[in-house]
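**Q** Next up is a structure, given as structure tokens.
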Amino acid sequence: MEKINVAILGSGNIGTDLMLKLERSDVLQLTTVIGIDPQSEGLRMAREKGYRVIDSGIQAFLEHPEWADFVFDATSAKAHIRHAKLLKRAGKVVFDLTPAAVGPFVVPPVNLTEHLEETNINFITCGGQATIPIVHAIGRVQPVAYAEIVVTISSKSAGPGTRANIDEFTETTARGLEKIGGAKRGKAIIILNPAEPPILMRNTIYALVEGNEAAAREICDSIEEMVETIRSYVPGYRLRTSPIIEGNKVTVMIEVEGAGDYLPKYAGNLDIMTAAAVKVAEEVAKHRLSKLLAEEGRR
Amino acid sequence: MKRAITITEVALRDGSHAIAHQYTTEQVAAIAKALDEANVPYIEVSHGDGLGGSSLQYGLSRTDEFELIETAVAVCRQAKIAVLLLPGIGTVKELKQAARLGAKMARIATHVTEADISAQHIAAAKELGMETVGFLMMAHMAPIDVLVHQAQLMESYGADVVYVVDSAGALLPYEVKERVRALKESIGIEVGFHAHNNLSLAMANTLAAIEEGATRVDGSVRCLGAGAGNTQTEVLVAVLDRMGIPTGIDLYKMMDLAEQLVAPMLPKAQEITRDSLTLGYAGVYSSFLLHAQRAAQTFGLDARDILIELGRRKVVGGQEDMIVDVAAEMARQKVAVWEGEWK
């Protein structure tokens with residue numbers, strides 16, 4: 001099968017984890033890894049694996065736009081705002097793993113098919129990726145008046161970007177619960193836990209559905225179906241206990257164990273982001289390739 | 001009168017935990033007015049978990065906290081209103097709203113190892129012209145050198161004061177001394193101490209902190225705070241007076257408001273029950289008390305067992321969802337054991 005050439009911008013933890021995940025893709029071919037620190041572990045690993053390495057930032061890549069059609073941005077929100085303009089001008093499709101939110105929010109099992117033609121896609125936050133599908137799963141049975149989520153991650157897996165602007169996390173996630181999850185009102189809370197050994201990412205979703213009683217059976221079935229869908233691209237995603245339903249309140253507890261590609265297994269919060277980004281990029285790639293085939297067929 | 005020690009009254013914030021966040025505007029107006037007349041310098045008003053804490057996770061506020069803040073500001077002539085904010089729960093947006101309503105002090109709280117998530121909020125509070133306090137919670141969970149480093153971070157972000165916060169009421173007096181002393185030696189700003197009375201050490205610990213140079217301490221009238229409550233303000237005022245340490249607070253007025261206003265409001269007197277004692281013993285966040293008791297009832301368990309298990313798992317403040325999670329797991333294990341015995 002034909003593959004689409006991709007580049008990774010950023011050679012930190014996220015960028016390096018993406019590199020390992022992309023090795024397994026049938027439709028994406030990683031060609032280039034772009035960083036700014038020649039000594040970084042990520043660039044060293046990329047060189048060892050035989051990828052083209054740029055250690056001076058985005059400019060050198062812009063001079064050779066033929067090296068990749070898709071770009072994953074794993075830098076920072078601030079850097080992405082600049083990158084987004086440059087890459088748009090260069091005609092690239094960009095998968096943005098920063099909280100910059102330049103492009104539309106995408107959560108694969110909820111709204112991926114609506115955004116296959118986009119040129120900049122944002123993944124909200126790790127907490128959003130882990131909880132919005134559950135809110136959607138409840139909402140497709142019974143409208144959700146209020147969704148509140150609590151994300152607990154190990155201190156070790158919270159990078160300096162998240163720490164410097166934690167409001168960005170809570171506010172962006174809350175917006176995602178409303179816009180993509182479909183809740184009338186959303187609220188997000190994040191907690192860092194420094195315990196050793198590091199804890200796995202945990203998420204609690206509380207939803208108040210409209211009406212006095214939640215349709216217990218249908219809601220539980222819908223949640224279980226959603227969990228299975230997510231497990232197809234995040235195998236370590238699982239329910240901690242069966243959903244708890246009291247009146248119109250639904251409580252769902254989720255644990256996310258990472259795949260352990262580059263990031264340690266406890267960092268399910270980072271893994272769910274890279275896994276979602278690869279999943280979306282693959283679907284966009286398939287969509288493009290099938291369109292190309294169709295066009296060739298007409299000629 | 002000059003105050004050698006500055007007391008912040010926390011009953012209208014920490015006390016909110018003890019009454020499941022059910023304060024009414026009338027209660028807050030009456031208590032804040034009386035505290036102001038007793039010359040209490042700072043009164044903290046917020047949801048128990050700080051601004052934005054009203055939630056299914058921690059308990060919904062009966063009255064919007066901004067309404068309570070506005071009310072308290074309106075009835076105070078000299079006292080300044082303080083607000084608590086836990087980054088990850090509350091945001092700068094809520095801090096701005098509190099400042100607009102007249103709050104003059106911001107206390108920015110993080111787990112003792114996570115000070116770097118407070119930089120944004122401390123900077124914002126300073127920019128709003130608020131007196132700013134860094135609040136290092138669950139101080140018993142980190143070694144002293146870590147506590148010192150985290151306090152230095154808060155100082156570097158612009159905090160005017162850093163508090164050692166014994167959220168679990170687990171510290172022993174000599175541990176309080178070591179911590180306050182280490183901070184006094186390594187930071188240039190004021191040091192404060194916030195106690196919980198789960199091991200009946202709130203007063204002893206507060207005095208230990210003052211002995212080592214803490215100049216800001218918290219009290220709650222009638223011990224109205226999470227767990228077994230905090231250092232009882234009216235008692236603290238009397239004790240410090242006997243020690244010749246001026247607090248500027250009128251002892252009789254403080255005693256009267258405790259007796260006439262706060263006591264009748266309490267569903268039951270704050271005392272050290274077996275469950276609140278367990279909080280201090282296990283080193284668990286004091287606000288877990290009522291949540292653990294509810295989970296114990298739901299799952300047919302002893303609240304003490306749940307609290308001990310939470311302590312073993314090193315759960316931190318704000319992880320109230322772990323209470324039900326752990327209780328459900330313990331209940332499943334119990335059933336499994338029964339089934340095993342049947343076979």
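Chain labels run A, B, ... following the order of the structure tokens; each chain numbers its residues from 1, and ligands are numbered from 1 in the order shown.
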Find the residues near region 142-153 of chain A: any atom within 8 Å, counting only C-alpha atoms, skip ones fewer than 2 places away on the same chain, and give them as a PyMOL selection string.
**A** (chain A and resi 127+131+135+138-140+155+157-158+177+182-193+199-210+214-215+219+267+269) or (chain B and resi 55-57+319+321)
**Q** Taking only C-alpha atoms into account and nothing else, which residues of chain B lie no more than 8 Å away from chain A? Please answer as a PyMOL selection string.
**A** chain B and resi 55-57+87-92+113-114+116-120+313-316+318-319+321+325+328
**Q** Can you list, as an NGL selection string, every protein, DNA or RNA residue that comes within 7 Å of Ala77 (chain A) when you count only C-alpha atoms, leaving out same-chain residues fewer than 6 positions away?
**A** :A and (98-100)
**Q** I need the residues from that last selection saved to file as a compact mmCIF listing (two decimals), in the first residue's frame (with N, CA, C and O atoms), if you can.
**A**
```
# COMPACT_ATOMS: atom_id res chain seq x y z
N THR A 98 -0.03 20.05 20.92
CA THR A 98 0.11 21.08 21.95
C THR A 98 -1.29 21.59 22.31
O THR A 98 -2.24 21.32 21.60
N PRO A 99 -1.41 22.35 23.38
CA PRO A 99 -2.75 22.89 23.70
C PRO A 99 -3.10 24.17 22.93
O PRO A 99 -4.00 24.90 23.32
N ALA A 100 -2.41 24.43 21.82
CA ALA A 100 -2.61 25.70 21.12
C ALA A 100 -4.04 25.88 20.58
O ALA A 100 -4.55 26.99 20.52
```
**Q** Just list as a PyMOL selection string whatever in region 124-162 of chain A DSSP marks as alpha helix (DSSP H).
**A** chain A and resi 126-139+160-162
**Q** Tell me, as a PyMOL selection string, which residues lie within 10 Å of region 28-31 of chain B, counting only C-alpha atoms; anything in the same chain fewer than 3 positions away does not count.
**A** chain B and resi 11-12+23-25+34-37+43+45+67-76+221+257-258+261-262
**Q** Taking the DSSP assignment computed from this structure's backbone, write out as a list of chain:residue names all residues of region 41-142 of chain A that belong to strand (DSSP E or B).
**A**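 Here is the list: A:Arg52, A:Val53, A:Ile54, A:Phe70, A:Val71, A:Phe72, A:Asp73, A:Val93, A:Val94, A:Phe95, A:Asp96, A:Phe105, A:Asn120, A:Ile121, A:Asn122.
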**Q** Which distance in Å separates CA of Asn205 (chain B) and CA of Leu172 (chain B), to one decimal?
**A**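 Computing it gives 7.0 Å between the two atoms.
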**Q** So that I can see what lies close to Glu228 (chain A), please list as an MDAnalysis selection string the residues with an atom at most 12 Å from it, counting only C-alpha atoms and leaving out residues fewer than 4 positions away in the same chain.
**A** chainID A and resid 109 133:134 137 221:224 232:239
**Q** Those residues you just picked out, can you put them in a file as a tab-separated table (two decimals), in the first residue's frame with C-alpha atoms?
**A**
```
chain	number	residue	atom	x	y	z
A	109	PRO	CA	-14.23	7.85	18.35
A	133	PRO	CA	-15.69	9.75	24.58
A	134	ILE	CA	-17.40	8.58	27.79
A	137	ALA	CA	-21.31	7.62	25.06
A	221	ASP	CA	-23.87	-0.78	27.28
A	222	SER	CA	-23.01	2.40	25.44
A	223	ILE	CA	-20.03	3.05	27.74
A	224	GLU	CA	-18.74	-0.48	27.35
A	232	SER	CA	-8.53	-0.52	19.53
A	233	TYR	CA	-5.97	2.30	19.56
A	234	VAL	CA	-5.18	2.62	23.31
A	235	PRO	CA	-5.02	-1.01	24.52
A	236	GLY	CA	-4.35	0.01	28.14
A	237	TYR	CA	-7.63	1.96	28.48
A	238	ARG	CA	-10.02	0.24	30.91
A	239	LEU	CA	-12.84	0.69	33.40
```
**Q** Using only C-alpha atoms, which residue out of A:Ala101, A:Pro65, A:Gly57, A:Thr32 lies closest to Lys78 (chain A)?
**A**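 Using only C-alpha atoms, the shortest distance to Lys78 (chain A) belongs to A:Ala101.
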**Q** For Ile81 (chain A), which residue among A:Asp96, A:Glu23, A:Glu296, A:Asp55 is the nearest when counting only C-alpha atoms?
**A**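 Checking each candidate against Ile81 (chain A), we get A:Asp96 as the closest.
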**Q** I'd like the contact shell of region 43-54 of chain A - 12 Å cut-off, only C-alpha atoms, skipping same-chain residues fewer than 5 positions apart - returned as a PyMOL selection string.
**A** chain A and resi 5-13+15-20+22-23+29-38+59-64+67-68+262
**Q** At a cut-off of 8 Å, using only C-alpha atoms, what residues contact Met273 (chain A)? Leave out same-chain residues fewer than 6 positions from it and give the result as a PyMOL selection string.
**A** chain A and resi 97+123+125-126+129
**Q** Just the selected residues (N, CA and C atoms), exported as a PDB file, in the first residue's frame, please.
**A**
```
ATOM      1  N   LEU A  97      -0.240  18.403  18.796  1.00  0.00           N
ATOM      2  CA  LEU A  97      -0.372  17.777  20.123  1.00  0.00           C
ATOM      3  C   LEU A  97      -0.173  18.775  21.254  1.00  0.00           C
ATOM      4  N   PHE A 123      -5.716  18.064  19.476  1.00  0.00           N
ATOM      5  CA  PHE A 123      -6.129  16.916  20.282  1.00  0.00           C
ATOM      6  C   PHE A 123      -6.579  17.277  21.695  1.00  0.00           C
ATOM      7  N   THR A 125      -6.648  17.843  25.177  1.00  0.00           N
ATOM      8  CA  THR A 125      -5.709  17.520  26.256  1.00  0.00           C
ATOM      9  C   THR A 125      -5.796  16.015  26.488  1.00  0.00           C
ATOM     10  N   CYS A 126      -4.858  15.504  27.257  1.00  0.00           N
ATOM     11  CA  CYS A 126      -4.900  14.071  27.571  1.00  0.00           C
ATOM     12  C   CYS A 126      -6.203  13.751  28.303  1.00  0.00           C
ATOM     13  N   GLN A 129      -9.003  13.569  25.827  1.00  0.00           N
ATOM     14  CA  GLN A 129      -9.010  12.330  25.043  1.00  0.00           C
ATOM     15  C   GLN A 129      -9.549  11.158  25.860  1.00  0.00           C
TER      16      GLN A 129
END
```
**Q** Could you state the separation of CA of Pro104 (chain A) and CA of Val71 (chain A) in Å, given to one decimal place?
**A**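 Going from CA of Pro104 (chain A) over to CA of Val71 (chain A), I get 16.0 Å.
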